[in-house]
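Student: Can you read through this structure? Questions will come right after.
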Amino acid sequence: MITEGNADQHNIIAPLIKEKLKPYVKKVDLDAFYAEDYLLSLGKAGLFQSPGHIEDKVVYNEMQLVEETAKTCMTTAFNLWCHLASLTYLRCSDKETLKRELLPKLENGETLGATGLSNPMKNYAGLEPLHLQAEGKKEGWILSGNLPSVSNLGKGHWFGAVANTNEGKHLMAFVPCEAEGLKFKEKADYLGVNGSATFACQFNDVFIPEKWIISTNAQQFIKKIRPYFVLYQVPLGLGIIEASIESIRKASRKQGGANCHLTVQADELAEKHAYLRNKLYTLVTGQEWTEILKVRLAVAKLALKAVQADMLHNGGAAYLQKSNPARRLKESYFMANLTPTIRHLEKLLNN
């Protein structure tokens, strides 16, 4: 679904999805194929360009990129979200070196970025301790510890990471995958979303020069970027819901039209989807943190409802491993456990 005024963007992304993503969706789902070429093509097409800082129009357009991608493949849309999160870190940083040397490469399709912030997001919600430790050295920092999972990683990629310092402060660094002392172990044994290039990251005295430090006050910096971190996630669910609604409508004549007796129908889902979608796109300024959390939670729950209905409407055909409803079912449960998870969101909204 493209909002009026963004037809040009749609005309650019539609052929990229058709050529570089749709033919590989089953391979992404079943063979852990990483659609890196598609992600890079978005940058090469100019779809990540910004004035170097957060701007409402840029956020709006990039959210729609996630939504359109998720309708075809939420796994790859999740990778896209990872990349947009990394762009947000640099756009919001006051480090001009990062903006001058790395941001253009991430925006023009030369390389890709990742988030690495699942652990600190949980830490700031009181769910777990920070996993990385930083020790100050001349002209930089030494990072040690382990991150259980970081997605959208590969050769030449960069990712954000937060570490605790000896002084009790938190710093946020931008880390290249080629950094000396950094080891990776691929994680591809999930129920789904195995084509997300996810790795466990072990930091063995990894030196990060000062020029790659995003912020030496990560607590305050994350308060600044977290609305966009979450905003870019919501279209993942919107894409799944819309695809499920389309699938349900196509299945309406199965078995003599018996699907009309099922409790959950496409029109009900479409009405709720439209309401949440309209609400989401009024929040692009990032100012209403609580409302953003509410929409994120509601979309995650509606996605679970939509994919279950899609499975029932398509019957036995949906129960095949290669079916689109089965893929969306796995992807929706991943979104339910994507930081901030449903239980994380419930905790934040009830505190």
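In the structure tokens, the first chain shown is A, the next is B, and so on; residue numbers restart at 1 for each chain, and ligands run from 1 in the order shown.
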Quick one: residues within 12 Å of Asn337 of chain A, only C-alpha atoms counted, chain neighbours fewer than 3 positions away excluded, as an MDAnalysis selection string?
Tutor: chainID A and resid 118 190:193 233 297 300:301 304 330:334 340:345
Student: Selection from above, N, CA and C atoms, as a short mmCIF file (atom, residue, chain, number, x, y, z; two decimals), in the first residue's frame, can you write it?
Tutor:
```
data_model
loop_
_atom_site.label_atom_id
_atom_site.label_comp_id
_atom_site.auth_asym_id
_atom_site.auth_seq_id
_atom_site.Cartn_x
_atom_site.Cartn_y
_atom_site.Cartn_z
N SER A 118 20.00 -5.04 20.64
CA SER A 118 19.03 -5.84 21.38
C SER A 118 19.39 -5.91 22.86
N TYR A 190 16.96 -21.29 13.65
CA TYR A 190 15.70 -20.75 14.14
C TYR A 190 14.52 -21.42 13.45
N LEU A 191 13.33 -21.23 14.00
CA LEU A 191 12.12 -21.72 13.36
C LEU A 191 11.95 -21.10 11.98
N GLY A 192 12.29 -19.83 11.87
CA GLY A 192 12.22 -19.11 10.60
C GLY A 192 13.19 -17.95 10.63
N VAL A 193 13.16 -17.13 9.59
CA VAL A 193 14.02 -15.94 9.49
C VAL A 193 15.50 -16.31 9.51
N GLN A 233 10.25 -0.72 12.86
CA GLN A 233 9.83 -2.12 13.03
C GLN A 233 8.37 -2.33 12.67
N LEU A 297 2.94 -2.73 19.65
CA LEU A 297 2.35 -3.88 20.31
C LEU A 297 1.08 -4.33 19.58
N ALA A 300 1.94 -6.09 16.30
CA ALA A 300 2.49 -7.43 16.52
C ALA A 300 1.37 -8.43 16.82
N LYS A 301 0.42 -8.02 17.66
CA LYS A 301 -0.69 -8.90 18.01
C LYS A 301 -1.62 -9.14 16.82
N LEU A 304 -0.11 -11.69 14.42
CA LEU A 304 -0.32 -13.07 14.87
C LEU A 304 -1.74 -13.54 14.54
N LYS A 330 5.70 -18.16 10.57
CA LYS A 330 7.00 -18.17 11.24
C LYS A 330 7.53 -16.76 11.42
N GLU A 331 7.37 -15.93 10.39
CA GLU A 331 7.88 -14.56 10.46
C GLU A 331 7.14 -13.75 11.52
N SER A 332 5.84 -13.95 11.64
CA SER A 332 5.07 -13.18 12.62
C SER A 332 5.47 -13.55 14.05
N TYR A 333 5.79 -14.82 14.28
CA TYR A 333 6.24 -15.21 15.61
C TYR A 333 7.64 -14.66 15.90
N PHE A 334 8.42 -14.48 14.86
CA PHE A 334 9.71 -13.82 15.05
C PHE A 334 9.49 -12.36 15.47
N PRO A 340 11.88 -4.60 20.78
CA PRO A 340 11.24 -5.01 22.01
C PRO A 340 10.17 -6.07 21.76
N THR A 341 10.26 -7.19 22.47
CA THR A 341 9.33 -8.28 22.34
C THR A 341 7.96 -7.89 22.90
N ILE A 342 6.98 -8.75 22.67
CA ILE A 342 5.64 -8.47 23.21
C ILE A 342 5.69 -8.33 24.73
N ARG A 343 6.41 -9.22 25.41
CA ARG A 343 6.46 -9.11 26.87
C ARG A 343 7.25 -7.87 27.31
N HIS A 344 8.28 -7.50 26.53
CA HIS A 344 9.05 -6.29 26.78
C HIS A 344 8.14 -5.06 26.65
N LEU A 345 7.33 -5.05 25.58
CA LEU A 345 6.41 -3.94 25.35
C LEU A 345 5.36 -3.85 26.45
#
```
Student: Restrict the calculation to only C-alpha atoms, then for each residue of segment 252-347 of chain A with any atom at most 10 Å from an atom of segment 51-74 of chain A give the closest atom pair and their distance in Å to one decimal, rows by chain and rising residue number, as JSON lines.
Tutor:
```
{"residue": "A:Leu280", "atom": "CA", "partner": "A:Met63", "partner_atom": "CA", "distance": 9.6}
{"residue": "A:Tyr281", "atom": "CA", "partner": "A:Tyr60", "partner_atom": "CA", "distance": 6.9}
{"residue": "A:Thr282", "atom": "CA", "partner": "A:Tyr60", "partner_atom": "CA", "distance": 9.3}
{"residue": "A:Leu283", "atom": "CA", "partner": "A:Tyr60", "partner_atom": "CA", "distance": 9.3}
{"residue": "A:Val284", "atom": "CA", "partner": "A:Asp56", "partner_atom": "CA", "distance": 5.8}
{"residue": "A:Thr285", "atom": "CA", "partner": "A:Asp56", "partner_atom": "CA", "distance": 5.7}
{"residue": "A:Gly286", "atom": "CA", "partner": "A:Asp56", "partner_atom": "CA", "distance": 8.7}
{"residue": "A:Asn324", "atom": "CA", "partner": "A:Thr72", "partner_atom": "CA", "distance": 9.3}
{"residue": "A:Arg327", "atom": "CA", "partner": "A:Cys73", "partner_atom": "CA", "distance": 8.7}
{"residue": "A:Arg328", "atom": "CA", "partner": "A:Met74", "partner_atom": "CA", "distance": 7.6}
{"residue": "A:Lys330", "atom": "CA", "partner": "A:Met74", "partner_atom": "CA", "distance": 9.9}
{"residue": "A:Glu331", "atom": "CA", "partner": "A:Met74", "partner_atom": "CA", "distance": 6.4}
{"residue": "A:Ser332", "atom": "CA", "partner": "A:Met74", "partner_atom": "CA", "distance": 8.4}
{"residue": "A:Phe334", "atom": "CA", "partner": "A:Met74", "partner_atom": "CA", "distance": 9.7}
{"residue": "A:Met335", "atom": "CA", "partner": "A:Met74", "partner_atom": "CA", "distance": 9.1}
```
Student: Would you mind listing, for every residue of segment 263-302 of chain A within 10 Å of segment 308-313 of chain A, the two atoms forming the shortest contact and the distance between them in Å to one decimal, using only C-alpha atoms, sorted by chain and ascending residue number, as CSV?
Tutor:
```
residue,atom,partner,partner_atom,distance
A:Thr263,CA,A:Ala309,CA,8.5
A:Val264,CA,A:Ala309,CA,6.2
A:Gln265,CA,A:Ala309,CA,7.5
A:Ala266,CA,A:Ala309,CA,8.7
A:Leu269,CA,A:Ala309,CA,9.4
A:Leu302,CA,A:Gln308,CA,9.9
```
Student: How about saving the chosen residues, N, CA, C and O atoms kept, as a PDB file, in the first residue's frame?
Tutor:
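What landed in part_26.pdb:
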```
ATOM      1  N   THR A 263     -14.320 -17.602  12.051  1.00  0.00           N
ATOM      2  CA  THR A 263     -14.570 -16.453  12.943  1.00  0.00           C
ATOM      3  C   THR A 263     -13.897 -15.181  12.458  1.00  0.00           C
ATOM      4  O   THR A 263     -14.487 -14.097  12.481  1.00  0.00           O
ATOM      5  N   VAL A 264     -12.627 -15.284  12.022  1.00  0.00           N
ATOM      6  CA  VAL A 264     -11.862 -14.112  11.602  1.00  0.00           C
ATOM      7  C   VAL A 264     -11.910 -13.992  10.082  1.00  0.00           C
ATOM      8  O   VAL A 264     -11.533 -14.933   9.370  1.00  0.00           O
ATOM      9  N   GLN A 265     -12.351 -12.831   9.600  1.00  0.00           N
ATOM     10  CA  GLN A 265     -12.497 -12.601   8.173  1.00  0.00           C
ATOM     11  C   GLN A 265     -11.614 -11.438   7.721  1.00  0.00           C
ATOM     12  O   GLN A 265     -11.156 -10.619   8.528  1.00  0.00           O
ATOM     13  N   ALA A 266     -11.403 -11.361   6.415  1.00  0.00           N
ATOM     14  CA  ALA A 266     -10.497 -10.363   5.836  1.00  0.00           C
ATOM     15  C   ALA A 266     -10.937  -8.933   6.131  1.00  0.00           C
ATOM     16  O   ALA A 266     -10.102  -8.066   6.418  1.00  0.00           O
ATOM     17  N   LEU A 269      -9.928  -7.770   9.601  1.00  0.00           N
ATOM     18  CA  LEU A 269      -8.486  -7.544   9.657  1.00  0.00           C
ATOM     19  C   LEU A 269      -8.107  -6.278   8.908  1.00  0.00           C
ATOM     20  O   LEU A 269      -7.265  -5.498   9.365  1.00  0.00           O
ATOM     21  N   LEU A 302      -1.877  -8.079  16.031  1.00  0.00           N
ATOM     22  CA  LEU A 302      -2.748  -8.247  14.867  1.00  0.00           C
ATOM     23  C   LEU A 302      -2.075  -9.135  13.823  1.00  0.00           C
ATOM     24  O   LEU A 302      -2.755  -9.914  13.137  1.00  0.00           O
TER      25      LEU A 302
END
```
Student: Which one is closest to Lys254 of chain A: A:Gly145, A:Gly195, A:Pro235, A:Gly315? Count only C-alpha atoms.
Tutor: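 The shortest atom-to-atom distance to Lys254 of chain A comes from A:Gly315.
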Student: May I have the residues within 12 Å of Ile12 of chain A as a ChimeraX atom specification, using only C-alpha atoms and disregarding those fewer than 4 positions away in the same chain?
Tutor: /A:6-8,16-19,41-47,65,68
Student: Residues of segment 213-296 of chain A that approach segment 120-135 of chain A to 12 Å or less, counting only C-alpha atoms: could you list each one with the shortest pair of atoms and its distance in Å to one decimal, rows by chain and increasing residue number, as a tab-separated table?
Tutor:
```
residue	atom	partner	partner_atom	distance
A:Ile213	CA	A:Ala134	CA	11.4
A:Thr216	CA	A:Ala134	CA	10.9
A:Ala218	CA	A:Pro120	CA	9.2
A:Gln219	CA	A:Tyr124	CA	8.0
A:Gln220	CA	A:Tyr124	CA	10.9
A:Phe221	CA	A:Pro120	CA	11.7
A:Ile222	CA	A:Met121	CA	8.3
A:Lys223	CA	A:Tyr124	CA	9.8
A:Ile225	CA	A:Met121	CA	11.1
A:Arg226	CA	A:Met121	CA	8.5
A:Pro227	CA	A:Met121	CA	11.8
A:Phe229	CA	A:Met121	CA	10.1
A:Val230	CA	A:Met121	CA	10.8
```
